[in-house]
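Input: a single structure, listed below in structure tokens.
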Amino acid sequence: MNIDQLREQFPDENACRKFFETVIWQNGRRCPHCDCRVSYLLSGRSSRPGLYECGWCKRQFTVTTKTPMHSTKLPLWKWLLCMYLMVNSSKGVSSVFMGKWLGVAQRTAWKMGHAIRRLMEPGPEGQPPLNGIVELDEKYFGGKPRYEHGVKHKRGKGTEKQGVFVAAERQGQVRSALIDSDQTAELRPLVERFVDRQAHLMTDQNWAYQQIGKDYAAHSWVNHSEKEFVRGEVHNNTAESFNSLLERAKQGVFHFMSPTHLPRYLYEIGFRWAHRVPKEIVTKHRRRKTVMVALPVMDMLRSLLTHAVGKQLRRTLGGGVRVPIAVLSSVN
Ligand SMILES: [Zn+2]
């Protein structure tokens with residue numbers, strides 16, 4: 001679906017609001033203040049379109065109340081367009097470009113981006129444990145250490161960089177979480193939370209995985225330190241390709257991902273990752289090959305808005321956004 005087709009489907013604010021209402025209230029309209037099911041549309045001349053009054057607590061609300069778009073002054077069309085651009089891009093969109101495309105200030109675009117990332121957070125339906133072949137990997141984030149004469153800085157793990165742990169089901173879902181180290185004590189609870197005991201783990205040679213792997217149906221590993229990366233079916237290329245998406249998003253788009261906001265960038269990349277399906281294609285050498293393709297845009301937009309209520313962003317005094325995120329957050 002291109003932007004023209006999007007505009008055709010949502011020609012005005014009314015059409016956008018109808019779409020938001022249909023998805024956000026797909027199980028019936030509920031008052032976001034008290035959860036009551038009885039409410040009335042306020043149709044007086046002084047009330048704005050889409051304003052409802054609760055039959056129980058008498059408070060007023062619209063479809064965006066208590067969502068990350070709470071008390072927005074922007075047209076819903078701009079929100080929809082922002083969502084469209086985010087779910088369609090492969091690496092994400094910087095707030096500078098988003099601002100230009102939407103005709104809003106960079107600061108506004110930055111806040112919209114984080115509000116939408118909040119929508120990309122996994123919903124209350126939970127995250128079923130990964131099964132089958134599950135690849136585990138870690139990635140370390142952070143700027144290059146400042147140059148100092150005669151000092152050779154360590155790279156990757158063991159440095160001050162922020163670690164991210166990734167568990168990826170082959171041709172399936174991915175889960176990730178922030179970590180401080182790659183020690184068994186830190187990794188074990190994450191593996192137990194994300195991965196079914198019946199799974200076949202594939203990792204590198206990290207000692208922690210040797211320990212954890214004993215509790216799983218099978219565990220294979222490649223020895224990266226001896227330049228072994230693939231041995232038949234044994235590799236962790238899926239987890240690494242998630243990591244490289246993260247790296248490219250950082251290098252090319254977001255430049256600086258602070259540990260505070262990093263979990264939400266993980267949600268964004270995880271959201272696009274999860275909204276793909278395997279598709280069999282025939283290559284130009286007439287070989288059959290399975291590739292992952294993105295779901296239709298409308299499906300992604302619906303999925304974004306499904307659990308919007310209750311994900312309100314809090315503004316900080318400095319005009320930033322604060323989201324209640326646990327240190328260990330995960331994506332699906
Ligand atoms: Zn109410």
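How things are named: the first chain in the structure tokens is A, the next is B, and so on; residues count from 1 in each chain; ligands count from 1 in the order shown.
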
Contact residues around A:Phe141 with only C-alpha atoms at 7 Å, ignoring same-chain residues under 3 positions, as a CSV table (one decimal) with N, CA and C atoms, in the first residue's frame:
```
chain,number,residue,atom,x,y,z
A,161,LYS,N,30.0,-0.9,27.8
A,161,LYS,CA,28.8,-0.8,26.8
A,161,LYS,C,27.6,-1.5,27.4
A,162,GLN,N,26.4,-1.0,26.9
A,162,GLN,CA,25.2,-1.6,27.2
A,162,GLN,C,25.0,-2.9,26.5
A,163,GLY,N,24.7,-4.0,27.2
A,163,GLY,CA,24.5,-5.3,26.5
A,163,GLY,C,23.1,-5.6,26.2
```

Exercise. Stretch 87-320 of chain A: which residues are alpha helix (DSSP H) by DSSP, as an MDAnalysis selection string?
Worked result: chainID A and resid 87:88 95:102 106:119 184:194 207:213 237:249 262:274 297:305

What are the closest atom pairs, with distances in Å to one decimal, for all residues of chain A lying within 12 Å of ligand 1? Consider only C-alpha atoms and all ligand atoms, order rows by chain and residue number, and present the result as JSON lines.
```
{"residue": "A:Arg29", "atom": "CA", "partner": "ligand 1", "partner_atom_place_in_ligand_line": "1 (Zn)", "distance": 11.0}
{"residue": "A:Arg30", "atom": "CA", "partner": "ligand 1", "partner_atom_place_in_ligand_line": "1 (Zn)", "distance": 7.9}
{"residue": "A:Cys31", "atom": "CA", "partner": "ligand 1", "partner_atom_place_in_ligand_line": "1 (Zn)", "distance": 4.6}
{"residue": "A:Pro32", "atom": "CA", "partner": "ligand 1", "partner_atom_place_in_ligand_line": "1 (Zn)", "distance": 6.6}
{"residue": "A:His33", "atom": "CA", "partner": "ligand 1", "partner_atom_place_in_ligand_line": "1 (Zn)", "distance": 4.9}
{"residue": "A:Cys34", "atom": "CA", "partner": "ligand 1", "partner_atom_place_in_ligand_line": "1 (Zn)", "distance": 4.1}
{"residue": "A:Asp35", "atom": "CA", "partner": "ligand 1", "partner_atom_place_in_ligand_line": "1 (Zn)", "distance": 6.0}
{"residue": "A:Cys36", "atom": "CA", "partner": "ligand 1", "partner_atom_place_in_ligand_line": "1 (Zn)", "distance": 5.3}
{"residue": "A:Arg37", "atom": "CA", "partner": "ligand 1", "partner_atom_place_in_ligand_line": "1 (Zn)", "distance": 8.2}
{"residue": "A:Val38", "atom": "CA", "partner": "ligand 1", "partner_atom_place_in_ligand_line": "1 (Zn)", "distance": 8.2}
{"residue": "A:Ser39", "atom": "CA", "partner": "ligand 1", "partner_atom_place_in_ligand_line": "1 (Zn)", "distance": 7.9}
{"residue": "A:Tyr40", "atom": "CA", "partner": "ligand 1", "partner_atom_place_in_ligand_line": "1 (Zn)", "distance": 10.9}
{"residue": "A:Tyr52", "atom": "CA", "partner": "ligand 1", "partner_atom_place_in_ligand_line": "1 (Zn)", "distance": 10.0}
{"residue": "A:Glu53", "atom": "CA", "partner": "ligand 1", "partner_atom_place_in_ligand_line": "1 (Zn)", "distance": 7.7}
{"residue": "A:Cys54", "atom": "CA", "partner": "ligand 1", "partner_atom_place_in_ligand_line": "1 (Zn)", "distance": 4.5}
{"residue": "A:Gly55", "atom": "CA", "partner": "ligand 1", "partner_atom_place_in_ligand_line": "1 (Zn)", "distance": 6.6}
{"residue": "A:Trp56", "atom": "CA", "partner": "ligand 1", "partner_atom_place_in_ligand_line": "1 (Zn)", "distance": 5.2}
{"residue": "A:Cys57", "atom": "CA", "partner": "ligand 1", "partner_atom_place_in_ligand_line": "1 (Zn)", "distance": 4.1}
{"residue": "A:Lys58", "atom": "CA", "partner": "ligand 1", "partner_atom_place_in_ligand_line": "1 (Zn)", "distance": 6.0}
{"residue": "A:Arg59", "atom": "CA", "partner": "ligand 1", "partner_atom_place_in_ligand_line": "1 (Zn)", "distance": 5.8}
{"residue": "A:Gln60", "atom": "CA", "partner": "ligand 1", "partner_atom_place_in_ligand_line": "1 (Zn)", "distance": 7.8}
{"residue": "A:Phe61", "atom": "CA", "partner": "ligand 1", "partner_atom_place_in_ligand_line": "1 (Zn)", "distance": 8.6}
{"residue": "A:Thr62", "atom": "CA", "partner": "ligand 1", "partner_atom_place_in_ligand_line": "1 (Zn)", "distance": 11.7}
{"residue": "A:Thr65", "atom": "CA", "partner": "ligand 1", "partner_atom_place_in_ligand_line": "1 (Zn)", "distance": 11.7}
```

I need the chosen residues saved as a short mmCIF file (atom, residue, chain, number, x, y, z; two decimals), in the first residue's frame, with N, CA, C and O atoms.
```cif
data_model
loop_
_atom_site.label_atom_id
_atom_site.label_comp_id
_atom_site.auth_asym_id
_atom_site.auth_seq_id
_atom_site.Cartn_x
_atom_site.Cartn_y
_atom_site.Cartn_z
N ARG A 29 -16.96 -0.30 23.10
CA ARG A 29 -16.40 0.92 23.67
C ARG A 29 -16.42 0.86 25.19
O ARG A 29 -17.42 0.48 25.80
N ARG A 30 -15.29 1.22 25.80
CA ARG A 30 -15.20 1.25 27.26
C ARG A 30 -14.66 2.59 27.71
O ARG A 30 -13.80 3.16 27.05
N CYS A 31 -15.15 3.05 28.84
CA CYS A 31 -14.63 4.30 29.39
C CYS A 31 -13.20 4.04 29.88
O CYS A 31 -12.97 3.14 30.68
N PRO A 32 -12.21 4.81 29.39
CA PRO A 32 -10.83 4.56 29.81
C PRO A 32 -10.56 4.97 31.26
O PRO A 32 -9.54 4.62 31.81
N HIS A 33 -11.50 5.71 31.86
CA HIS A 33 -11.30 6.14 33.25
C HIS A 33 -11.78 5.06 34.22
O HIS A 33 -11.11 4.78 35.20
N CYS A 34 -12.95 4.47 33.96
CA CYS A 34 -13.52 3.53 34.94
C CYS A 34 -13.86 2.18 34.33
O CYS A 34 -14.37 1.31 35.01
N ASP A 35 -13.59 1.99 33.04
CA ASP A 35 -13.82 0.71 32.36
C ASP A 35 -15.30 0.38 32.14
O ASP A 35 -15.64 -0.76 31.79
N CYS A 36 -16.18 1.36 32.37
CA CYS A 36 -17.62 1.14 32.20
C CYS A 36 -17.96 0.97 30.71
O CYS A 36 -17.33 1.57 29.85
N ARG A 37 -18.97 0.14 30.44
CA ARG A 37 -19.33 -0.14 29.05
C ARG A 37 -20.39 0.80 28.48
O ARG A 37 -20.70 0.75 27.31
N VAL A 38 -20.99 1.60 29.34
CA VAL A 38 -22.07 2.49 28.87
C VAL A 38 -21.54 3.91 28.72
O VAL A 38 -21.02 4.49 29.68
N SER A 39 -21.65 4.45 27.51
CA SER A 39 -21.23 5.84 27.29
C SER A 39 -22.02 6.41 26.12
O SER A 39 -22.61 5.67 25.33
N TYR A 40 -22.06 7.72 26.05
CA TYR A 40 -22.86 8.40 25.02
C TYR A 40 -22.00 9.35 24.21
O TYR A 40 -21.14 10.03 24.77
N TYR A 52 -16.97 11.42 23.91
CA TYR A 52 -17.99 10.61 24.59
C TYR A 52 -18.06 10.98 26.06
O TYR A 52 -17.08 11.47 26.63
N GLU A 53 -19.22 10.70 26.67
CA GLU A 53 -19.32 10.87 28.11
C GLU A 53 -19.71 9.53 28.72
O GLU A 53 -20.60 8.83 28.24
N CYS A 54 -19.01 9.17 29.79
CA CYS A 54 -19.25 7.90 30.46
C CYS A 54 -20.59 7.92 31.19
O CYS A 54 -20.93 8.91 31.82
N GLY A 55 -21.33 6.84 31.12
CA GLY A 55 -22.62 6.75 31.77
C GLY A 55 -22.49 6.53 33.27
O GLY A 55 -23.46 6.67 34.02
N TRP A 56 -21.33 6.16 33.73
CA TRP A 56 -21.13 5.87 35.15
C TRP A 56 -20.37 7.01 35.85
O TRP A 56 -20.90 7.66 36.72
N CYS A 57 -19.12 7.25 35.40
CA CYS A 57 -18.32 8.27 36.10
C CYS A 57 -18.52 9.66 35.52
O CYS A 57 -18.01 10.63 36.05
N LYS A 58 -19.26 9.77 34.44
CA LYS A 58 -19.62 11.05 33.81
C LYS A 58 -18.43 11.80 33.23
O LYS A 58 -18.55 12.95 32.85
N ARG A 59 -17.26 11.18 33.20
CA ARG A 59 -16.11 11.87 32.64
C ARG A 59 -16.12 11.73 31.13
O ARG A 59 -16.73 10.80 30.59
N GLN A 60 -15.44 12.67 30.46
CA GLN A 60 -15.45 12.65 29.01
C GLN A 60 -14.19 11.98 28.48
O GLN A 60 -13.15 11.99 29.14
N PHE A 61 -14.29 11.41 27.33
CA PHE A 61 -13.12 10.78 26.71
C PHE A 61 -13.26 10.70 25.20
O PHE A 61 -14.36 10.85 24.67
N THR A 62 -12.14 10.50 24.54
CA THR A 62 -12.13 10.22 23.10
C THR A 62 -11.35 8.92 22.91
O THR A 62 -10.87 8.33 23.88
N THR A 65 -7.81 8.91 24.52
CA THR A 65 -7.63 9.10 25.96
C THR A 65 -6.90 7.89 26.57
O THR A 65 -7.26 6.74 26.30
#
```

Exercise. Counting only C-alpha atoms, what is within 7 Å of A:Ile281, bar same-chain residues fewer than 4 positions away, as a ChimeraX atom specification?
Worked result: /A:288-290

Problem set entry | Nearest residue to A:Arg188 from the set A:Gln205, A:Thr260, A:Ala168, A:Ile212 (distances using only C-alpha atoms) | A:Ile212

Exercise. A:Met86: which residues within 9 Å, counting only C-alpha atoms, same-chain residues fewer than 4 positions away excluded, as a PyMOL selection string?
Worked result: chain A and resi 81-82+90-93+113+116+268

For this session: For A:Val297, list every protein, DNA or RNA residue within 8 Å, evaluated using only C-alpha atoms, and leave out those in the same chain fewer than 2 positions away; present the list as JSON, numbers by chain.
Result: {"A": [1, 84, 87, 88, 295, 299, 300, 301]}

Could you take the residues named above and write them with N, CA, C and O atoms, as a PDB file, in the first residue's frame?
```
ATOM      1  N   MET A   1       0.843  -1.197   0.000  1.00  0.00           N
ATOM      2  CA  MET A   1       0.000   0.000   0.000  1.00  0.00           C
ATOM      3  C   MET A   1       0.882   1.251   0.000  1.00  0.00           C
ATOM      4  O   MET A   1       1.719   1.416   0.879  1.00  0.00           O
ATOM      5  N   TYR A  84       2.449   4.592   9.642  1.00  0.00           N
ATOM      6  CA  TYR A  84       2.652   3.974   8.326  1.00  0.00           C
ATOM      7  C   TYR A  84       4.131   4.004   7.949  1.00  0.00           C
ATOM      8  O   TYR A  84       4.704   3.016   7.510  1.00  0.00           O
ATOM      9  N   VAL A  87       6.190   1.541  10.337  1.00  0.00           N
ATOM     10  CA  VAL A  87       6.077   0.094  10.118  1.00  0.00           C
ATOM     11  C   VAL A  87       6.612  -0.314   8.746  1.00  0.00           C
ATOM     12  O   VAL A  87       7.003  -1.455   8.540  1.00  0.00           O
ATOM     13  N   ASN A  88       6.665   0.644   7.822  1.00  0.00           N
ATOM     14  CA  ASN A  88       7.137   0.343   6.475  1.00  0.00           C
ATOM     15  C   ASN A  88       8.641   0.414   6.296  1.00  0.00           C
ATOM     16  O   ASN A  88       9.177  -0.147   5.352  1.00  0.00           O
ATOM     17  N   LEU A 295       4.107  -8.319   6.713  1.00  0.00           N
ATOM     18  CA  LEU A 295       2.651  -8.446   6.605  1.00  0.00           C
ATOM     19  C   LEU A 295       2.084  -7.179   5.956  1.00  0.00           C
ATOM     20  O   LEU A 295       2.752  -6.148   5.943  1.00  0.00           O
ATOM     21  N   ASP A 299      -2.666  -4.646   8.427  1.00  0.00           N
ATOM     22  CA  ASP A 299      -2.560  -5.614   9.528  1.00  0.00           C
ATOM     23  C   ASP A 299      -1.639  -5.078  10.609  1.00  0.00           C
ATOM     24  O   ASP A 299      -1.894  -5.238  11.801  1.00  0.00           O
ATOM     25  N   MET A 300      -0.541  -4.448  10.176  1.00  0.00           N
ATOM     26  CA  MET A 300       0.408  -3.921  11.156  1.00  0.00           C
ATOM     27  C   MET A 300      -0.197  -2.746  11.927  1.00  0.00           C
ATOM     28  O   MET A 300      -0.007  -2.621  13.126  1.00  0.00           O
ATOM     29  N   LEU A 301      -0.935  -1.884  11.212  1.00  0.00           N
ATOM     30  CA  LEU A 301      -1.565  -0.742  11.883  1.00  0.00           C
ATOM     31  C   LEU A 301      -2.591  -1.225  12.904  1.00  0.00           C
ATOM     32  O   LEU A 301      -2.668  -0.724  14.022  1.00  0.00           O
TER      33      LEU A 301
END
```

Problem set entry | Minimum-distance residue to A:Ile133, chosen among A:Met120, A:Met69, A:Ala167, A:Ala115 (using only C-alpha atoms) |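 For A:Ile133, the nearest of the candidates is A:Ala167.
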
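The interatomic distance for the pair atom CA of A:Cys16 and atom CA of A:Val63 works out to 10.9 Å.
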
Problem set entry | Selection near A:Leu102, 12 Å with only C-alpha atoms, sequence-local residues under 4 positions removed, as an MDAnalysis selection string | chainID A and resid 74:85 93 95:98 106 108:110 112:113
